[in-house]
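Asks: The file below is my_file18.txt, compact mmCIF, C-alpha atoms and all ligand atoms:
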# COMPACT_ATOMS: atom_id res chain seq x y z
CA MET A 4 -16.79 -24.30 17.66
CA PRO A 5 -17.89 -21.83 14.92
CA ASP A 6 -15.29 -20.82 12.33
CA LEU A 7 -14.46 -17.25 13.29
CA SER A 8 -11.98 -16.66 10.42
CA ALA A 9 -14.48 -14.63 8.37
CA PHE A 10 -15.26 -12.48 11.42
CA ILE A 11 -11.52 -11.96 12.07
CA LYS A 12 -10.92 -11.08 8.42
CA GLY A 13 -13.21 -8.04 8.50
CA LEU A 14 -12.45 -6.90 12.03
CA PRO A 15 -10.64 -3.52 12.19
CA LYS A 16 -7.37 -3.89 14.06
CA ALA A 17 -3.98 -2.35 14.80
CA GLU A 18 -0.64 -4.12 14.64
CA LEU A 19 1.83 -3.14 17.38
CA HIS A 20 4.62 -5.70 16.98
CA LEU A 21 5.96 -5.97 13.46
CA HIS A 22 9.62 -5.87 12.45
CA ILE A 23 9.64 -4.43 8.96
CA GLU A 24 12.76 -6.47 8.12
CA GLY A 25 10.78 -9.54 9.19
CA SER A 26 8.19 -8.88 6.50
CA LEU A 27 10.73 -9.54 3.73
CA GLU A 28 9.17 -12.38 1.74
CA PRO A 29 11.61 -14.68 -0.09
CA GLU A 30 10.22 -13.56 -3.49
CA LEU A 31 11.09 -9.93 -2.73
CA MET A 32 14.44 -11.06 -1.27
CA PHE A 33 15.33 -12.58 -4.65
CA ASP A 34 14.03 -9.52 -6.57
CA LEU A 35 16.09 -7.12 -4.45
CA ALA A 36 19.19 -9.32 -4.65
CA ALA A 37 18.89 -9.29 -8.46
CA ARG A 38 18.24 -5.52 -8.56
CA ASN A 39 21.32 -4.91 -6.40
CA GLY A 40 23.58 -7.44 -8.12
CA LEU A 41 23.91 -9.61 -5.01
CA SER A 42 23.89 -13.38 -4.78
CA LEU A 43 21.99 -15.30 -2.11
CA PRO A 44 23.14 -18.55 -0.48
CA PHE A 45 19.89 -20.17 -1.77
CA THR A 46 18.93 -21.39 -5.22
CA SER A 47 15.17 -20.84 -4.97
CA VAL A 48 12.32 -19.32 -2.98
CA GLU A 49 11.37 -22.85 -1.89
CA ALA A 50 14.90 -23.44 -0.57
CA VAL A 51 14.68 -20.23 1.45
CA ARG A 52 11.33 -21.25 2.96
CA ALA A 53 12.70 -24.72 3.74
CA ALA A 54 15.47 -23.08 5.78
CA TYR A 55 12.90 -21.45 8.07
CA ASP A 56 12.98 -24.18 10.65
CA PHE A 57 14.06 -22.72 13.98
CA SER A 58 14.77 -24.20 17.42
CA ASN A 59 15.12 -20.86 19.18
CA LEU A 60 15.35 -17.10 18.72
CA GLN A 61 19.04 -17.10 17.73
CA ASP A 62 18.48 -19.66 14.92
CA PHE A 63 15.94 -17.26 13.46
CA LEU A 64 18.00 -14.09 14.00
CA ASP A 65 20.98 -15.53 12.11
CA ILE A 66 18.87 -16.04 8.98
CA TYR A 67 16.89 -12.81 9.48
CA TYR A 68 20.04 -10.65 9.50
CA ALA A 69 21.36 -12.51 6.44
CA GLY A 70 18.06 -11.83 4.62
CA ALA A 71 18.18 -8.12 5.46
CA SER A 72 21.50 -7.80 3.60
CA VAL A 73 19.62 -7.37 0.28
CA LEU A 74 18.21 -4.02 1.50
CA LEU A 75 20.47 -1.26 0.19
CA THR A 76 18.56 1.63 -1.35
CA ARG A 77 15.66 3.95 -0.51
CA ALA A 78 13.59 2.06 -3.09
CA ASP A 79 14.37 -1.24 -1.33
CA PHE A 80 13.08 0.04 2.01
CA HIS A 81 10.08 1.62 0.31
CA ASP A 82 9.20 -1.60 -1.55
CA LEU A 83 9.68 -3.69 1.59
CA ALA A 84 7.33 -1.50 3.63
CA MET A 85 4.80 -1.17 0.81
CA ALA A 86 4.57 -4.96 0.48
CA TYR A 87 3.79 -5.12 4.22
CA PHE A 88 1.19 -2.33 4.03
CA GLU A 89 -0.62 -4.07 1.15
CA ARG A 90 -0.94 -7.25 3.19
CA ALA A 91 -1.85 -5.36 6.35
CA ALA A 92 -4.56 -3.38 4.57
CA ALA A 93 -6.00 -6.64 3.22
CA ASP A 94 -6.12 -7.87 6.84
CA GLN A 95 -8.09 -4.72 7.83
CA VAL A 96 -5.16 -3.29 9.77
CA ARG A 97 -6.02 0.39 10.25
CA HIS A 98 -2.85 1.37 12.12
CA ALA A 99 0.61 -0.18 12.45
CA GLU A 100 3.47 0.65 14.82
CA ILE A 101 6.50 -0.66 13.00
CA PHE A 102 9.88 -1.67 14.39
CA PHE A 103 12.98 -1.08 12.34
CA ASP A 104 16.57 -2.05 13.19
CA PRO A 105 18.82 0.76 11.87
CA GLN A 106 22.02 -0.88 13.16
CA THR A 107 21.40 -3.89 10.89
CA HIS A 108 21.74 -1.48 7.96
CA THR A 109 24.13 1.25 9.10
CA ASP A 110 26.67 -1.43 10.12
CA ARG A 111 26.67 -2.51 6.42
CA GLY A 112 27.27 1.05 5.23
CA VAL A 113 23.63 1.87 4.41
CA GLY A 114 22.84 5.42 5.53
CA PHE A 115 20.37 6.09 8.33
CA ASP A 116 18.72 8.63 6.01
CA VAL A 117 18.30 5.98 3.28
CA VAL A 118 16.37 3.74 5.67
CA MET A 119 14.23 6.59 6.98
CA GLU A 120 13.40 8.08 3.58
CA GLY A 121 12.40 4.72 2.14
CA LEU A 122 10.18 3.77 5.08
CA LEU A 123 8.59 7.22 5.40
CA SER A 124 7.68 7.40 1.70
CA ALA A 125 5.90 4.04 1.98
CA MET A 126 4.10 5.20 5.14
CA THR A 127 2.81 8.28 3.29
CA GLU A 128 1.72 6.13 0.35
CA ALA A 129 -0.08 3.65 2.64
CA LYS A 130 -2.00 6.48 4.28
CA GLY A 131 -3.07 7.79 0.87
CA ARG A 132 -3.92 4.46 -0.76
CA PHE A 133 -5.41 2.55 2.17
CA GLY A 134 -6.07 5.13 4.91
CA LEU A 135 -3.66 3.02 6.97
CA THR A 136 -1.75 5.12 9.52
CA SER A 137 1.60 4.10 10.95
CA LYS A 138 4.35 5.07 13.37
CA LEU A 139 8.00 4.07 13.55
CA ILE A 140 9.75 2.52 16.55
CA LEU A 141 13.54 2.45 16.34
CA CYS A 142 14.88 -0.75 17.91
CA PHE A 143 18.34 -1.06 19.41
CA LEU A 144 20.06 -4.42 18.88
CA ARG A 145 20.67 -5.79 22.35
CA HIS A 146 23.55 -8.11 21.34
CA LEU A 147 25.59 -4.96 20.58
CA PRO A 148 27.06 -2.65 23.28
CA GLU A 149 25.06 0.22 24.75
CA GLU A 150 27.58 2.65 23.24
CA ALA A 151 26.41 1.55 19.78
CA ALA A 152 22.80 2.19 20.79
CA LEU A 153 23.75 5.68 22.05
CA ALA A 154 25.48 6.39 18.73
CA THR A 155 22.35 5.25 16.88
CA LEU A 156 20.16 7.54 19.00
CA ALA A 157 22.51 10.41 18.10
CA GLU A 158 22.20 9.53 14.38
CA ALA A 159 18.42 9.54 14.75
CA GLU A 160 18.42 13.08 16.19
CA PRO A 161 17.45 14.87 12.93
CA TRP A 162 14.59 12.41 12.44
CA LEU A 163 13.09 12.36 15.92
CA ASP A 164 9.89 14.17 14.90
CA GLN A 165 9.19 11.17 12.61
CA ILE A 166 9.98 8.48 15.21
CA ALA A 167 7.40 7.62 17.87
CA GLY A 168 9.57 5.59 20.16
CA VAL A 169 12.47 3.26 20.77
CA GLY A 170 12.50 -0.48 21.39
CA LEU A 171 14.92 -3.26 22.24
CA ASP A 172 15.21 -6.43 20.18
CA SER A 173 17.58 -9.21 19.02
CA SER A 174 19.17 -11.89 21.26
CA GLU A 175 17.50 -11.65 24.66
CA GLN A 176 19.36 -14.20 26.81
CA GLY A 177 22.47 -12.67 28.37
CA HIS A 178 21.47 -9.13 27.33
CA PRO A 179 19.20 -7.85 30.10
CA PRO A 180 17.33 -4.54 29.80
CA SER A 181 19.60 -3.00 32.46
CA LYS A 182 22.43 -3.06 29.88
CA PHE A 183 20.52 -0.25 28.09
CA ALA A 184 19.54 1.93 31.07
CA ARG A 185 21.37 5.06 29.86
CA VAL A 186 20.14 5.02 26.26
CA PHE A 187 16.53 4.42 27.32
CA ALA A 188 16.75 7.28 29.85
CA ALA A 189 18.10 9.52 27.09
CA ALA A 190 15.31 8.47 24.70
CA GLY A 191 12.64 9.04 27.35
CA ALA A 192 14.07 12.50 28.08
CA LYS A 193 13.60 13.33 24.38
CA GLY A 194 9.89 12.55 24.70
CA LEU A 195 10.06 9.22 22.86
CA LYS A 196 7.85 6.31 23.87
CA VAL A 197 9.80 3.30 25.12
CA VAL A 198 9.08 -0.38 24.62
CA ALA A 199 11.22 -3.50 24.93
CA HIS A 200 11.14 -7.17 24.01
CA ALA A 201 11.14 -8.92 27.39
CA GLY A 202 10.14 -12.34 28.60
CA GLU A 203 10.19 -13.93 25.13
CA GLU A 204 13.07 -16.26 26.05
CA GLY A 205 14.40 -14.24 28.98
CA PRO A 206 13.25 -14.72 32.58
CA PRO A 207 10.67 -12.67 34.52
CA ALA A 208 13.60 -10.71 36.01
CA TYR A 209 14.14 -9.16 32.56
CA VAL A 210 10.52 -7.99 32.48
CA TRP A 211 10.97 -6.44 35.94
CA GLU A 212 14.05 -4.61 34.66
CA ALA A 213 12.19 -3.39 31.59
CA LEU A 214 9.48 -1.98 33.88
CA ASN A 215 11.62 -0.56 36.67
CA ILE A 216 14.78 0.49 34.86
CA LEU A 217 13.73 1.18 31.26
CA LYS A 218 10.29 2.48 32.35
CA ILE A 219 8.60 0.97 29.33
CA ASP A 220 5.20 2.06 28.01
CA ARG A 221 4.44 -1.39 26.52
CA ILE A 222 5.89 -4.92 26.74
CA ASP A 223 6.83 -6.83 23.59
CA HIS A 224 6.00 -10.53 24.07
CA GLY A 225 6.09 -10.76 27.88
CA ASN A 226 5.14 -14.45 27.84
CA ARG A 227 7.39 -15.46 30.72
CA SER A 228 5.78 -12.84 32.99
CA LEU A 229 3.22 -15.55 33.71
CA GLU A 230 5.84 -17.41 35.77
CA ASP A 231 5.75 -14.63 38.39
CA GLU A 232 2.40 -13.87 40.02
CA THR A 233 3.60 -10.59 41.56
CA LEU A 234 4.86 -9.45 38.16
CA VAL A 235 1.48 -10.19 36.57
CA GLU A 236 -0.23 -8.15 39.31
CA ARG A 237 2.14 -5.26 38.63
CA ILE A 238 1.54 -5.34 34.84
CA VAL A 239 -2.22 -5.46 35.38
CA ALA A 240 -2.08 -2.61 37.95
CA ASP A 241 -0.02 -0.46 35.54
CA GLY A 242 -2.42 -1.26 32.68
CA LEU A 243 0.47 -2.14 30.37
CA THR A 244 -0.25 -3.70 27.00
CA LEU A 245 1.52 -6.89 25.89
CA THR A 246 2.24 -7.33 22.18
CA VAL A 247 1.89 -11.09 21.84
CA CYS A 248 2.93 -13.00 18.70
CA PRO A 249 1.42 -16.52 18.61
CA LEU A 250 2.91 -17.93 15.36
CA SER A 251 6.31 -16.49 16.30
CA ASN A 252 6.07 -18.10 19.74
CA HIS A 253 5.36 -21.44 18.08
CA LYS A 254 8.05 -21.17 15.38
CA LEU A 255 10.70 -20.10 17.93
CA CYS A 256 9.67 -22.81 20.40
CA VAL A 257 8.58 -20.33 23.09
CA VAL A 258 5.53 -22.63 23.19
CA SER A 259 5.88 -26.26 22.17
CA ASP A 260 2.41 -26.40 20.63
CA LEU A 261 0.05 -23.58 19.65
CA ALA A 262 -2.65 -25.28 21.72
CA GLN A 263 -0.46 -24.49 24.76
CA HIS A 264 -0.35 -20.79 23.92
CA PRO A 265 -1.19 -18.65 27.00
CA ILE A 266 -3.19 -15.95 25.18
CA LYS A 267 -6.49 -16.95 26.81
CA LYS A 268 -4.83 -17.16 30.22
CA MET A 269 -3.37 -13.68 29.71
CA LEU A 270 -6.83 -12.26 29.08
CA ASP A 271 -8.27 -14.19 32.04
CA LEU A 272 -5.57 -12.68 34.29
CA GLY A 273 -6.62 -9.18 33.19
CA LEU A 274 -3.56 -8.54 31.02
CA LYS A 275 -4.10 -6.27 28.01
CA ALA A 276 -2.84 -8.71 25.40
CA THR A 277 -2.82 -8.03 21.66
CA ILE A 278 -2.18 -10.27 18.65
CA ASN A 279 0.67 -9.48 16.26
CA SER A 280 2.76 -11.10 13.55
CA ASP A 281 6.34 -10.18 14.65
CA ASP A 282 8.21 -11.39 11.50
CA PRO A 283 5.42 -12.64 9.26
CA ALA A 284 7.59 -13.63 6.29
CA TYR A 285 9.52 -16.02 8.54
CA PHE A 286 6.79 -17.33 10.83
CA GLY A 287 4.08 -18.31 8.37
CA GLY A 288 1.53 -15.55 8.49
CA TYR A 289 0.37 -11.98 8.90
CA VAL A 290 -1.88 -10.67 11.64
CA ASN A 291 -5.11 -12.37 10.57
CA ALA A 292 -3.31 -15.70 10.23
CA ASN A 293 -2.12 -15.22 13.82
CA PHE A 294 -5.64 -14.46 15.04
CA SER A 295 -7.14 -17.42 13.17
CA ALA A 296 -4.48 -19.97 14.11
CA VAL A 297 -4.53 -19.14 17.82
CA THR A 298 -8.33 -18.92 17.83
CA LYS A 299 -8.52 -22.46 16.47
CA ALA A 300 -5.74 -23.77 18.69
CA VAL A 301 -6.99 -22.48 22.04
CA GLY A 302 -10.67 -21.87 21.28
CA LEU A 303 -10.92 -18.08 21.60
CA THR A 304 -14.47 -16.77 21.65
CA ARG A 305 -15.81 -13.96 19.46
CA ASP A 306 -15.83 -11.67 22.53
CA GLU A 307 -12.18 -12.49 23.28
CA ILE A 308 -11.25 -11.72 19.66
CA VAL A 309 -13.01 -8.35 19.93
CA THR A 310 -11.18 -7.62 23.20
CA LEU A 311 -7.84 -8.40 21.54
CA ALA A 312 -8.66 -6.07 18.62
CA LYS A 313 -9.78 -3.29 20.98
CA ASN A 314 -6.61 -3.75 23.05
CA SER A 315 -4.58 -3.18 19.87
CA PHE A 316 -5.97 0.37 19.67
CA THR A 317 -6.04 1.20 23.38
CA GLY A 318 -2.43 -0.05 23.61
CA SER A 319 -1.30 2.03 20.62
CA PHE A 320 0.44 5.40 20.69
CA LEU A 321 -2.47 7.08 18.90
CA THR A 322 -4.26 10.02 20.55
CA PRO A 323 -7.33 9.34 22.74
CA ALA A 324 -9.59 10.81 20.00
CA GLU A 325 -8.06 8.55 17.34
CA ILE A 326 -8.40 5.52 19.61
CA ALA A 327 -12.05 6.35 20.32
CA ALA A 328 -12.77 6.55 16.58
CA HIS A 329 -11.20 3.12 15.96
CA LEU A 330 -13.10 1.56 18.89
CA ALA A 331 -16.35 2.98 17.51
CA GLU A 332 -15.54 1.35 14.15
CA ILE A 333 -15.07 -2.00 15.89
CA ASP A 334 -18.42 -1.59 17.68
CA ALA A 335 -20.11 -0.73 14.37
CA TYR A 336 -18.53 -3.80 12.74
CA CYS A 337 -19.71 -6.07 15.57
CA ALA A 338 -23.23 -4.66 15.44
N1 LIG A 401 14.00 -9.27 15.93
C1 LIG A 401 13.06 -9.61 15.04
N2 LIG A 401 12.17 -10.42 15.62
C2 LIG A 401 12.54 -10.57 16.90
C3 LIG A 401 12.01 -11.28 18.01
N3 LIG A 401 10.90 -12.01 17.92
N4 LIG A 401 12.68 -11.22 19.16
C4 LIG A 401 13.79 -10.51 19.28
N5 LIG A 401 14.32 -9.82 18.27
C5 LIG A 401 13.70 -9.86 17.09
ZN ZN A 402 9.67 -8.98 17.88
Rewrite the structure of this file - the entire thing - as structure tokens.

Replies:
Amino acid sequence: MPDLSAFIKGLPKAELHLHIEGSLEPELMFDLAARNGLSLPFTSVEAVRAAYDFSNLQDFLDIYYAGASVLLTRADFHDLAMAYFERAAADQVRHAEIFFDPQTHTDRGVGFDVVMEGLLSAMTEAKGRFGLTSKLILCFLRHLPEEAALATLAEAEPWLDQIAGVGLDSSEQGHPPSKFARVFAAAGAKGLKVVAHAGEEGPPAYVWEALNILKIDRIDHGNRSLEDETLVERIVADGLTLTVCPLSNHKLCVVSDLAQHPIKKMLDLGLKATINSDDPAYFGGYVNANFSAVTKAVGLTRDEIVTLAKNSFTGSFLTPAEIAAHLAEIDAYCA
């Protein structure tokens, strides 16, 4: 098996599943805690990394929300996003569609405008410095009531021209997509794109609900769709993209071993899978690390890697002309 890491490194790609709060590296966590006069329940960066040993999604979420508590000011959100963009640009990411969790911040008294202004200033800087374009996807926390999501959508109203879509994240089990039917209908009526985490830990029924009730434009994770043949046929027929996150799936025990990861099977079934990093600071790597690790583990071919990169643009919310330009760049790179 040839080492395809060098090929992956230079391949133009988009990232469609990245929680900006999940890109908070322990070093920056300590810097921001010091800047804001906060203390952390850890004595060192190494101690933080040692705590990143998860048995399931909830184990991770508990530590992820604790980490996000160092984010207070516009500058904090700017610095967080800029650190991600620098790493993404180094991985030849040309476009990123970034999740953010406003409720994680507004519930601590941080203003919605503070979050938006910090993220948007970094997005402008990334476009200027790296030519890297990006869009924002506002995620509702599914462990909270739908009323809280509706209130968050109302708070977002003045910013809607800067937000591409809404998503659904946090604890999946026990919080089915149907719980958020009204807020997703309201977001769709405002012209926002809609996506949802579904089938990460939750059953195929949750993916069905995301399709039929939330009317999603893209599926985040979707791994457990493979348990339902009719569901797979539906996703293929609708041409929906799946934002798959291999290192996350391994760290959160969605797969017991990376060699068991279904990415190849997804492609074989005709699913438009993509590779993404989810929460790279917590799961051990950014997008290229995800490509390389899963390539080694399951033996992806060069053609499969190219398909995954092309899917990242065709599954994006860019315009057809923008997508065509990115696909042409991939073809030029491969030639
Ligand atoms: N929030 C951040 N990462 C997440 C994931 N992988 N699943 C659900 N919610 C999340
Ligand atoms: Zn995610």

Asks: Taking a cut-off of 9 Å and counting only C-alpha atoms and all ligand atoms, can you build a table that, for each residue of chain A near ligand LIG 401 (chain A), reports the nearest atom pair and how far apart they are in Å (one decimal), sorted by chain then residue number, as a tab-separated table?

Replies:
residue	atom	partner	partner_atom	distance
A:His20	CA	A:LIG401	N3	9.0
A:Leu21	CA	A:LIG401	N2	7.9
A:His22	CA	A:LIG401	C1	5.7
A:Ile23	CA	A:LIG401	C1	8.7
A:Glu24	CA	A:LIG401	C1	7.6
A:Gly25	CA	A:LIG401	C1	6.3
A:Leu60	CA	A:LIG401	N4	6.5
A:Gln61	CA	A:LIG401	C4	8.6
A:Phe63	CA	A:LIG401	N2	8.1
A:Leu64	CA	A:LIG401	N1	6.6
A:Tyr67	CA	A:LIG401	C1	7.5
A:Tyr68	CA	A:LIG401	N1	8.9
A:Phe102	CA	A:LIG401	C1	8.6
A:Phe103	CA	A:LIG401	C1	8.9
A:Asp104	CA	A:LIG401	N1	8.1
A:Cys142	CA	A:LIG401	N1	8.8
A:Leu144	CA	A:LIG401	N5	7.9
A:Arg145	CA	A:LIG401	N5	8.6
A:Leu171	CA	A:LIG401	N5	7.7
A:Asp172	CA	A:LIG401	N5	4.0
A:Ser173	CA	A:LIG401	N5	3.4
A:Ser174	CA	A:LIG401	C4	5.9
A:Glu175	CA	A:LIG401	C4	6.6
A:His200	CA	A:LIG401	C4	6.4
A:Ala201	CA	A:LIG401	C4	8.7
A:Glu203	CA	A:LIG401	N4	7.0
A:Glu204	CA	A:LIG401	N4	8.5
A:Asp223	CA	A:LIG401	N4	8.6
A:His224	CA	A:LIG401	N3	8.0
A:Cys248	CA	A:LIG401	N3	8.1
A:Ser251	CA	A:LIG401	N3	6.6
A:Asn252	CA	A:LIG401	N3	8.0
A:Leu255	CA	A:LIG401	N3	8.1
A:Asp281	CA	A:LIG401	N3	5.9
A:Asp282	CA	A:LIG401	N2	5.8

Asks: One decimal, in Å: what's the spacing between atom CA of Ala86 of chain A and atom CA of Ala129 of chain A?

Replies: 10.0 Å

Asks: Find, counting all atoms listed in the file, the residue in A:Ser58, A:Ser280, A:Ser259, A:Thr127 that gets nearest to ligand ZN 402 (chain A).

Replies: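 The shortest atom-to-atom distance to ligand ZN 402 (chain A) comes from A:Ser280.
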
Asks: For ligand ZN 402 (chain A), which residue out of A:Pro265, A:Pro5, A:Gly202, A:Gly287 is the nearest one, using only C-alpha atoms and all ligand atoms?

Replies: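 Checking each of A:Pro265, A:Pro5, A:Gly202, A:Gly287 against ligand ZN 402 (chain A), counting only C-alpha atoms and all ligand atoms, the winner is A:Gly202.
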
Asks: Could you list, as a list in words, every residue within 12 Å of Ala157 of chain A, counting all atoms listed in the file and ignoring same-chain residues fewer than 6 positions away?

Replies: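 With the cut-off at 12 Å, the set is Phe115, Glu150, Ala151, Leu163, Val186, Ala189, Ala190 and Lys193 of chain A.
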
Asks: Of the residues A:Lys254, A:Lys275, A:Arg221, A:His98, which is the one nearest to Lys16 of chain A, using only C-alpha atoms?

Replies: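 The shortest atom-to-atom distance to Lys16 of chain A comes from A:His98.
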
Asks: For the interface of segment 5-46 of chain A with segment 325-330 of chain A (cut-off 12 Å, counting only C-alpha atoms), please tabulate each contacting residue of segment 5-46 of chain A alongside its nearest pair of atoms and their separation in Å to one decimal, rows sorted by chain and increasing number, as a tab-separated table.

Replies:
residue	atom	partner	partner_atom	distance
A:Leu14	CA	A:His329	CA	10.8
A:Pro15	CA	A:His329	CA	7.7
A:Lys16	CA	A:His329	CA	8.2
A:Ala17	CA	A:His329	CA	9.1
